[in-house]
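Source file: work07.pdb (PDB, C-alpha atoms)
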MODEL        1
ATOM      1  CA  MET J 162      26.944 -11.283 -14.361
ATOM      2  CA  ARG J 163      24.040 -10.292 -16.604
ATOM      3  CA  ALA J 164      22.526 -13.774 -16.306
ATOM      4  CA  ALA J 165      22.719 -13.633 -12.503
ATOM      5  CA  GLY J 166      20.999 -10.241 -12.510
ATOM      6  CA  ASN J 167      18.257 -11.532 -14.790
ATOM      7  CA  TYR J 168      17.689 -14.559 -12.589
ATOM      8  CA  VAL J 169      17.446 -12.377  -9.478
ATOM      9  CA  ARG J 170      15.044  -9.918 -11.126
ATOM     10  CA  ASN J 171      12.786 -12.776 -12.219
ATOM     11  CA  GLY J 172      12.812 -14.574  -8.876
ATOM     12  CA  TYR J 173      15.005 -17.522  -9.884
ATOM     13  CA  TYR J 174      17.245 -17.268  -6.837
ATOM     14  CA  LYS J 175      18.629 -20.804  -6.903
ATOM     15  CA  GLU J 176      19.692 -20.390 -10.519
ATOM     16  CA  ALA J 177      21.245 -17.025  -9.673
ATOM     17  CA  ARG J 178      23.229 -18.667  -6.869
ATOM     18  CA  ASN J 179      24.444 -21.372  -9.274
ATOM     19  CA  VAL J 180      25.653 -18.763 -11.771
ATOM     20  CA  LEU J 181      27.282 -16.641  -9.066
ATOM     21  CA  ASP J 182      28.995 -19.622  -7.465
ATOM     22  CA  SER J 183      30.515 -20.581 -10.813
ATOM     23  CA  MET J 184      32.117 -17.165 -11.253
ATOM     24  CA  GLY J 185      35.672 -16.493 -10.151
ATOM     25  CA  GLU J 186      35.710 -12.725  -9.827
ATOM     26  CA  LYS J 187      33.809 -11.328  -6.866
ATOM     27  CA  GLY J 188      33.288  -7.597  -7.040
ATOM     28  CA  ALA J 189      30.696  -5.328  -5.489
ATOM     29  CA  ARG J 190      28.055  -6.214  -8.087
ATOM     30  CA  TRP J 191      28.651  -9.933  -7.415
ATOM     31  CA  TYR J 192      28.070  -9.432  -3.690
ATOM     32  CA  TYR J 193      24.984  -7.339  -4.408
ATOM     33  CA  TYR J 194      23.371 -10.014  -6.581
ATOM     34  CA  SER J 195      24.485 -12.675  -4.136
ATOM     35  CA  ALA J 196      22.809 -10.804  -1.272
ATOM     36  CA  LEU J 197      19.562 -10.544  -3.230
ATOM     37  CA  ALA J 198      19.668 -14.235  -4.173
ATOM     38  CA  HIS J 199      20.387 -15.289  -0.593
ATOM     39  CA  ALA J 200      17.535 -13.107   0.649
ATOM     40  CA  GLY J 201      15.185 -14.657  -1.893
ATOM     41  CA  LEU J 202      16.157 -18.108  -0.639
ATOM     42  CA  GLY J 203      15.648 -17.090   2.980
ATOM     43  CA  ASN J 204      19.350 -17.056   3.910
ATOM     44  CA  THR J 205      19.181 -13.793   5.825
ATOM     45  CA  VAL J 206      22.579 -13.980   7.520
ATOM     46  CA  ALA J 207      24.447 -14.573   4.246
ATOM     47  CA  ALA J 208      22.301 -11.922   2.546
ATOM     48  CA  MET J 209      23.256  -9.325   5.151
ATOM     49  CA  GLU J 210      26.960 -10.233   5.011
ATOM     50  CA  HIS J 211      27.060  -9.961   1.231
ATOM     51  CA  ALA J 212      25.071  -6.712   1.177
ATOM     52  CA  LYS J 213      27.511  -5.173   3.655
ATOM     53  CA  ARG J 214      30.462  -6.424   1.600
ATOM     54  CA  ALA J 215      29.033  -4.871  -1.590
ATOM     55  CA  SER J 216      28.471  -1.586   0.224
ATOM     56  CA  ALA J 217      31.994  -1.647   1.669
ATOM     57  CA  LEU J 218      33.527  -2.245  -1.765
ATOM     58  CA  GLU J 219      31.573   0.650  -3.316
ATOM     59  CA  PRO J 220      30.403   2.947  -0.493
ATOM     60  CA  GLN J 221      29.181   5.612  -2.918
ATOM     61  CA  ASN J 222      26.692   3.228  -4.552
ATOM     62  CA  THR J 223      23.232   4.051  -3.185
ATOM     63  CA  ASP J 224      21.733   0.736  -4.341
ATOM     64  CA  TYR J 225      24.165  -1.160  -2.148
ATOM     65  CA  ARG J 226      23.665   1.137   0.846
ATOM     66  CA  ASN J 227      19.883   0.972   0.456
ATOM     67  CA  LEU J 228      19.992  -2.826   0.400
ATOM     68  CA  VAL J 229      21.895  -2.901   3.694
ATOM     69  CA  TYR J 230      19.419  -0.423   5.131
ATOM     70  CA  ARG J 231      16.473  -2.548   3.963
ATOM     71  CA  PHE J 232      17.931  -5.674   5.549
ATOM     72  CA  GLU J 233      18.761  -3.899   8.800
ATOM     73  CA  ASN J 234      15.452  -2.061   9.121
ATOM     74  CA  GLY J 235      12.976  -4.285   7.310
ATOM     75  CA  GLY J 236      11.569  -5.785  10.484
ATOM     76  CA  MET J 237      11.387  -2.423  12.202
ATOM     77  CA  GLN J 238       9.350  -0.933   9.356
ATOM     78  CA  TYR J 239       6.815  -3.744   9.730
ATOM     79  CA  GLN J 240       6.596  -3.189  13.475
ATOM     80  CA  ARG J 241       6.124   0.557  13.023
ATOM     81  CA  ARG J 242       3.312  -0.037  10.526
ATOM     82  CA  GLN J 243       1.691  -2.577  12.836
ATOM     83  CA  TYR J 244       1.599  -0.115  15.725
ATOM     84  CA  ALA J 245       0.319   2.667  13.479
ATOM     85  CA  TYR J 246      -2.749   0.633  12.568
ATOM     86  CA  GLY J 247      -3.143  -1.102  15.906
ATOM     87  CA  SER J 248      -3.690  -4.745  16.592
ATOM     88  CA  PRO J 249      -7.015  -5.987  15.218
ATOM     89  CA  TYR J 250      -7.857  -7.966  18.359
ATOM     90  CA  MET J 251      -6.647  -5.834  21.229
ATOM     91  CA  GLY J 252      -6.731  -2.310  22.481
ATOM     92  CA  SER J 253      -9.394   0.091  23.614
ATOM     93  CA  GLY J 254      -9.874   1.577  20.154
ATOM     94  CA  ASN J 255     -11.283  -1.593  18.617
ATOM     95  CA  MET J 256     -14.745  -0.743  17.291
ATOM     96  CA  CYS J 257     -15.656  -4.365  16.486
ATOM     97  CA  LEU J 258     -14.964  -5.471  20.045
ATOM     98  CA  LYS J 259     -17.009  -2.573  21.412
ATOM     99  CA  LEU J 260     -19.951  -3.426  19.156
ATOM    100  CA  CYS J 261     -19.853  -7.100  20.177
ATOM    101  CA  LEU J 262     -19.810  -6.175  23.857
ATOM    102  CA  ALA J 263     -22.642  -3.690  23.363
ATOM    103  CA  ASN J 264     -24.680  -6.371  21.562
ATOM    104  CA  MET J 265     -24.107  -8.857  24.380
ATOM    105  CA  ILE J 266     -25.211  -6.332  27.001
ATOM    106  CA  CYS J 267     -28.186  -5.345  24.890
ATOM    107  CA  ASN J 268     -29.181  -9.025  24.520
ATOM    108  CA  LEU J 269     -29.102  -9.424  28.276
ATOM    109  CA  CYS J 270     -31.341  -6.396  28.729
ATOM    110  CA  CYS J 271     -33.731  -7.296  25.908
ATOM    111  CA  GLY J 272     -34.238 -10.952  26.732
ATOM    112  CA  GLY J 273     -31.651 -12.541  24.424
ATOM    113  CA  GLY J 274     -33.434 -11.970  21.128
ATOM    114  CA  GLY J 275     -30.378 -11.483  18.952
ATOM    115  CA  LEU J 276     -29.544  -7.962  17.925
ATOM    116  CA  CYS J 277     -31.424  -5.651  20.224
ATOM    117  CA  CYS J 278     -33.520  -3.591  17.835
ATOM    118  CA  GLY J 279     -36.915  -3.477  19.355
ATOM    119  CA  GLY J 280     -37.289  -5.557  22.418
ATOM    120  CA  VAL J 281     -38.170  -9.196  22.810
ATOM    121  CA  PRO J 282     -38.797 -10.939  19.478
ATOM    122  CA  ARG J 283     -42.395 -12.101  18.944
ATOM    123  CA  PHE J 284     -43.158 -15.603  17.725
TER     124      PHE J 284
ENDMDL
END

Please express the file's structure as structure tokens.
Amino acid sequence: MRAAGNYVRNGYYKEARNVLDSMGEKGARWYYYSALAHAGLGNTVAAMEHAKRASALEPQNTDYRNLVYRFENGGMQYQRRQYAYGSPYMGSGNMCLKLCLANMICNLCCGGGGLCCGGVPRF
């Protein structure tokens, strides 16, 4: 079990899966490491199932409960952060877009001389 934990902590998820699959006894810690390894390999459905199983076997363990919470709410946290900062290309609060539009309007008024800082450029 220690080897599986070390593999997971160091990002060797395939090796962790190999060690876990070779073990006979499957307790809460096994399901926890298995969930982490599956998540690292991109197997989100198996990761969620194993995290829930670990939490069900030891409901008092906060690590197991937190893992389930992370899997269930990971996408929602990203969406909440995205909306907090706003989309970089859309919305009325985009300063870059406003400056580009102002520059275009200014160029039209000033004869198209680039940034409008003093009228028509002289050659």

Between atom CA of Tyr173 of chain J and atom CA of Thr205 of chain J - distance in Å to one decimal: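 Between atom CA of Thr205 of chain J and atom CA of Tyr173 of chain J the gap is 16.7 Å.
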
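The coordinates place atom CA of Pro220 of chain J at 25.4 Å from atom CA of Leu202 of chain J.
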
Ground truth for the PyMOL selection byres ((chain J and resi 187-193) around 6), written as a list of chain:residue names: J:Glu186, J:Tyr194, J:Ser195, J:Ala196, J:His211, J:Ala212, J:Ala215, J:Leu218

Write to file, as a PDB file, keeping the file's coordinate frame, the residues of the selection just made, with C-alpha atoms.
ATOM      1  CA  GLU J 186      35.710 -12.725  -9.827  1.00  0.00           C
ATOM      2  CA  TYR J 194      23.371 -10.014  -6.581  1.00  0.00           C
ATOM      3  CA  SER J 195      24.485 -12.675  -4.136  1.00  0.00           C
ATOM      4  CA  ALA J 196      22.809 -10.804  -1.272  1.00  0.00           C
ATOM      5  CA  HIS J 211      27.060  -9.961   1.231  1.00  0.00           C
ATOM      6  CA  ALA J 212      25.071  -6.712   1.177  1.00  0.00           C
ATOM      7  CA  ALA J 215      29.033  -4.871  -1.590  1.00  0.00           C
ATOM      8  CA  LEU J 218      33.527  -2.245  -1.765  1.00  0.00           C
TER       9      LEU J 218
END

I'd like the interatomic distance between atom CA of Met209 of chain J and atom CA of Asn234 of chain J, to a tenth of an Å. 11.4 Å

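Take the PyMOL selection byres ((chain J and resi 225) around 7) and apply it to this file: it picks Tyr193, Ala212, Ala215, Ser216, Asn222, Thr223, Asp224, Arg226, Asn227, Leu228 and Val229 of chain J.
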
Any chance you could resolve the PyMOL selection byres ((chain J and resi 177) around 9) against this file and give the residues as a CSV table (one decimal) with C-alpha atoms, in the frame of the given file?
chain,number,residue,atom,x,y,z
J,164,ALA,CA,22.5,-13.8,-16.3
J,165,ALA,CA,22.7,-13.6,-12.5
J,166,GLY,CA,21.0,-10.2,-12.5
J,167,ASN,CA,18.3,-11.5,-14.8
J,168,TYR,CA,17.7,-14.6,-12.6
J,169,VAL,CA,17.4,-12.4,-9.5
J,172,GLY,CA,12.8,-14.6,-8.9
J,173,TYR,CA,15.0,-17.5,-9.9
J,174,TYR,CA,17.2,-17.3,-6.8
J,175,LYS,CA,18.6,-20.8,-6.9
J,176,GLU,CA,19.7,-20.4,-10.5
J,178,ARG,CA,23.2,-18.7,-6.9
J,179,ASN,CA,24.4,-21.4,-9.3
J,180,VAL,CA,25.7,-18.8,-11.8
J,181,LEU,CA,27.3,-16.6,-9.1
J,182,ASP,CA,29.0,-19.6,-7.5
J,194,TYR,CA,23.4,-10.0,-6.6
J,195,SER,CA,24.5,-12.7,-4.1
J,198,ALA,CA,19.7,-14.2,-4.2

Output segment 214-236 of chain J as a CSV table (one decimal), keeping the file's coordinate frame, making sure N, CA, C and O atoms are there.
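Produced file result-v3.csv, reproduced below:
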chain,number,residue,atom,x,y,z
J,214,ARG,N,29.2,-6.3,2.4
J,214,ARG,CA,30.5,-6.4,1.6
J,214,ARG,C,30.4,-5.6,0.3
J,214,ARG,O,31.3,-4.9,0.0
J,215,ALA,N,29.2,-5.7,-0.4
J,215,ALA,CA,29.0,-4.9,-1.6
J,215,ALA,C,29.1,-3.4,-1.3
J,215,ALA,O,29.8,-2.6,-2.0
J,216,SER,N,28.5,-3.0,-0.2
J,216,SER,CA,28.5,-1.6,0.2
J,216,SER,C,29.9,-1.1,0.6
J,216,SER,O,30.3,0.0,0.4
J,217,ALA,N,30.6,-2.0,1.3
J,217,ALA,CA,32.0,-1.6,1.7
J,217,ALA,C,32.9,-1.5,0.5
J,217,ALA,O,33.8,-0.6,0.4
J,218,LEU,N,32.7,-2.3,-0.6
J,218,LEU,CA,33.5,-2.2,-1.8
J,218,LEU,C,33.2,-1.0,-2.6
J,218,LEU,O,34.1,-0.4,-3.2
J,219,GLU,N,32.0,-0.6,-2.6
J,219,GLU,CA,31.6,0.6,-3.3
J,219,GLU,C,30.7,1.5,-2.4
J,219,GLU,O,29.4,1.5,-2.6
J,220,PRO,N,31.2,2.2,-1.5
J,220,PRO,CA,30.4,2.9,-0.5
J,220,PRO,C,29.6,4.1,-1.1
J,220,PRO,O,28.6,4.5,-0.5
J,221,GLN,N,29.9,4.5,-2.3
J,221,GLN,CA,29.2,5.6,-2.9
J,221,GLN,C,27.9,5.1,-3.6
J,221,GLN,O,27.1,5.9,-4.0
J,222,ASN,N,27.8,3.8,-3.8
J,222,ASN,CA,26.7,3.2,-4.6
J,222,ASN,C,25.4,3.2,-3.7
J,222,ASN,O,25.4,2.5,-2.7
J,223,THR,N,24.4,4.0,-4.0
J,223,THR,CA,23.2,4.1,-3.2
J,223,THR,C,22.4,2.8,-3.2
J,223,THR,O,21.7,2.5,-2.2
J,224,ASP,N,22.5,2.0,-4.3
J,224,ASP,CA,21.7,0.7,-4.3
J,224,ASP,C,22.3,-0.2,-3.3
J,224,ASP,O,21.5,-0.9,-2.6
J,225,TYR,N,23.6,-0.3,-3.1
J,225,TYR,CA,24.2,-1.2,-2.1
J,225,TYR,C,23.9,-0.7,-0.7
J,225,TYR,O,23.5,-1.5,0.1
J,226,ARG,N,24.0,0.6,-0.5
J,226,ARG,CA,23.7,1.1,0.8
J,226,ARG,C,22.2,0.9,1.2
J,226,ARG,O,21.8,0.6,2.3
J,227,ASN,N,21.3,1.2,0.2
J,227,ASN,CA,19.9,1.0,0.5
J,227,ASN,C,19.5,-0.5,0.8
J,227,ASN,O,18.6,-0.8,1.6
J,228,LEU,N,20.2,-1.4,0.1
J,228,LEU,CA,20.0,-2.8,0.4
J,228,LEU,C,20.4,-3.2,1.8
J,228,LEU,O,19.6,-3.8,2.5
J,229,VAL,N,21.5,-2.7,2.3
J,229,VAL,CA,21.9,-2.9,3.7
J,229,VAL,C,20.9,-2.3,4.6
J,229,VAL,O,20.4,-2.9,5.6
J,230,TYR,N,20.4,-1.1,4.3
J,230,TYR,CA,19.4,-0.4,5.1
J,230,TYR,C,18.1,-1.2,5.2
J,230,TYR,O,17.5,-1.4,6.2
J,231,ARG,N,17.7,-1.7,4.0
J,231,ARG,CA,16.5,-2.5,4.0
J,231,ARG,C,16.6,-3.8,4.8
J,231,ARG,O,15.7,-4.2,5.5
J,232,PHE,N,17.7,-4.5,4.8
J,232,PHE,CA,17.9,-5.7,5.5
J,232,PHE,C,18.0,-5.3,7.0
J,232,PHE,O,17.4,-6.1,7.9
J,233,GLU,N,18.6,-4.3,7.4
J,233,GLU,CA,18.8,-3.9,8.8
J,233,GLU,C,17.4,-3.4,9.4
J,233,GLU,O,17.2,-3.6,10.6
J,234,ASN,N,16.6,-2.7,8.6
J,234,ASN,CA,15.5,-2.1,9.1
J,234,ASN,C,14.1,-2.6,8.6
J,234,ASN,O,13.1,-2.1,8.9
J,235,GLY,N,14.2,-3.7,7.9
J,235,GLY,CA,13.0,-4.3,7.3
J,235,GLY,C,12.0,-4.7,8.4
J,235,GLY,O,10.8,-4.4,8.3
J,236,GLY,N,12.4,-5.4,9.4
J,236,GLY,CA,11.6,-5.8,10.5
J,236,GLY,C,11.0,-4.6,11.3
J,236,GLY,O,9.9,-4.6,11.7
